[in-house]
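Peer 1: Before we start, here is the structure in question, set down as structure tokens.
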Amino acid sequence: MKMTVKRRLTSLWVTVALCLGGLLATWVFVPYIHGMSHQIETQVLIHAPAERVWSVLLDFPGHAQWNPFIRHIGGRAEVGGKLNIQIQPVGGREMAFSPTVLVAQPLEEFRWKGQFIMPGLFDGEHYFLLRPDGAGGVLWVHGEKFSGLLVPFFRSSLETGTRAGFQAMNEALRQISERR
């Protein structure tokens, strides 16, 4: 079956129009897509060995006693495992979610990822990093990478209540780890 010249030209123009439309859409929406992510990272120097800090972090039942931000953690700290978590952002309402553990590297990193309703709507990859400070303590890095369609609408509350919650947790962890 032969294609007429007119059909070929029409097909070529449609292809060119689709390519140009794709380029235009990329140019218009990439800044918006970049705006659909946000990261909070906090840190504190803890004058205690990594083993002690790690032990406090993974003592899930103990969080209710000392942690002003993560009020409850249930589950197992193993890659692929599901956790049950309740947080209390400063000035915000308590929230519960069930993230999946991504990394559980003893004395180095604990990381999980959760989502609201469905992937891509409001996802959070929460992480805790322990970095030796060279003097027997650790630099505790506590952060979260947020992504999804709803992130731009919550950026302000993330920067206030969530960041303050991270900082309050960091300070409480520092105090309990240095006391033990």
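By order in the structure tokens, chains are A, B, ...; within a chain, residues start at 1; ligands start at 1, following the order shown.
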If you take only C-alpha atoms and a cut-off of 8 Å, which residues of stretch 46-109 of chain A touch stretch 140-162 of chain A, and what are their nearest atom pairs and distances in Å to one decimal, in chain and number order, as a Markdown table?
Peer 2:
```
| residue | atom | partner | partner_atom | distance |
| --- | --- | --- | --- | --- |
| A:Ile46 | CA | A:Trp140 | CA | 6.8 |
| A:Pro89 | CA | A:Gly161 | CA | 5.0 |
| A:Val90 | CA | A:Gly161 | CA | 4.5 |
| A:Gly91 | CA | A:Gly161 | CA | 6.0 |
| A:Gly92 | CA | A:Gly161 | CA | 6.5 |
```
Peer 1: Which residues in stretch 7-174 of chain A does DSSP call strand (DSSP E)? List them as a PyMOL selection string.
Peer 2: chain A and resi 37-46+70-75+83-87+95-97+100-105+109-115+123-132+138-147
Peer 1: For those residues, write C-alpha atoms to a file as a compact mmCIF listing (two decimals), in the first residue's frame.
Peer 2:
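As written to disk, part.txt reads:
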```txt
# COMPACT_ATOMS: atom_id res chain seq x y z
CA SER A 37 10.00 18.45 45.75
CA HIS A 38 11.41 19.79 48.97
CA GLN A 39 14.13 18.66 51.35
CA ILE A 40 14.66 19.33 55.02
CA GLU A 41 17.98 18.44 56.60
CA THR A 42 19.06 19.09 60.17
CA GLN A 43 22.05 17.99 62.19
CA VAL A 44 23.51 17.98 65.66
CA LEU A 45 26.81 16.87 67.17
CA ILE A 46 26.29 14.14 69.76
CA ILE A 70 8.16 10.62 66.54
CA ARG A 71 5.75 9.56 69.25
CA HIS A 72 5.52 5.90 68.22
CA ILE A 73 7.41 3.47 66.00
CA GLY A 74 6.32 -0.12 65.56
CA GLY A 75 7.71 -2.78 63.27
CA LEU A 83 6.83 0.37 60.08
CA ASN A 84 3.89 1.96 61.89
CA ILE A 85 4.77 5.52 62.82
CA GLN A 86 2.98 8.36 64.58
CA ILE A 87 4.52 11.82 64.42
CA MET A 95 -0.21 11.89 61.85
CA ALA A 96 0.13 8.15 61.37
CA PHE A 97 1.62 6.35 58.38
CA THR A 100 8.75 0.84 54.09
CA VAL A 101 12.32 0.54 55.35
CA LEU A 102 14.81 1.25 52.55
CA VAL A 103 18.14 1.13 54.46
CA ALA A 104 19.04 -0.28 57.86
CA GLN A 105 22.83 -0.11 57.95
CA GLU A 109 22.03 4.87 58.24
CA PHE A 110 18.35 4.21 58.80
CA ARG A 111 15.96 5.27 56.01
CA TRP A 112 12.31 4.71 55.17
CA LYS A 113 9.87 5.90 52.53
CA GLY A 114 6.20 6.61 53.01
CA GLN A 115 3.43 7.98 50.86
CA ASP A 123 5.94 10.97 49.30
CA GLY A 124 8.56 11.30 52.00
CA GLU A 125 11.94 9.60 52.23
CA HIS A 126 13.04 10.05 55.85
CA TYR A 127 16.65 9.40 56.83
CA PHE A 128 18.97 9.32 59.81
CA LEU A 129 22.73 9.30 59.21
CA LEU A 130 25.45 8.78 61.83
CA ARG A 131 28.84 10.21 60.84
CA PRO A 132 31.87 9.74 63.12
CA VAL A 138 28.81 11.38 65.93
CA LEU A 139 27.41 14.02 63.67
CA TRP A 140 23.72 13.12 63.57
CA VAL A 141 22.08 14.06 60.25
CA HIS A 142 18.29 13.92 60.20
CA GLY A 143 16.35 14.76 57.06
CA GLU A 144 13.60 14.02 54.63
CA LYS A 145 13.13 14.38 50.89
CA PHE A 146 9.54 15.19 50.00
CA SER A 147 8.13 14.80 46.50
```
Peer 1: Quick one: residues within 10 Å of A:Glu51, only C-alpha atoms counted, chain neighbours fewer than 6 positions away excluded, as a list in words?
Peer 2: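 Using only C-alpha atoms, the neighbours found are Leu57, Pro106, Leu107, Glu108, Leu130, Gly137, Val138 and Ser177 of chain A.
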Peer 1: DSSP on the backbone, helix (DSSP H, G or I) only: what residues of stretch 1-174 of chain A does that give? Format it as a VMD selection string.
Peer 2: chain A and resid 5 to 34 50 to 58 60 to 66 151 to 174
Peer 1: Write out as a list in words the residues lying within 7 Å of stretch 169-172 of chain A, counting only C-alpha atoms and excluding same-chain residues fewer than 6 positions away.
Peer 2: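 Counting only the stated atoms, we get Val44, Trp66, Asn67, Pro68 and Phe69 of chain A.
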Peer 1: Please measure the separation of atom CA of A:Arg163 and atom CA of A:Ala50, giving the value in Å to one decimal.
Peer 2: 23.3 Å
Peer 1: Do you have the atom CA of A:Met36-atom CA of A:Met118 distance handy?
Peer 2: 15.3 Å
Peer 1: So, counting only C-alpha atoms, which residue among A:His47, A:Arg179, A:Arg76, A:Ser98 is closest to A:Phe60?
Peer 2: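 For A:Phe60, the nearest of the candidates is A:Arg76.
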Peer 1: Distance atom CA of A:Arg93-atom CA of A:Phe122, one decimal place?
Peer 2: 16.9 Å
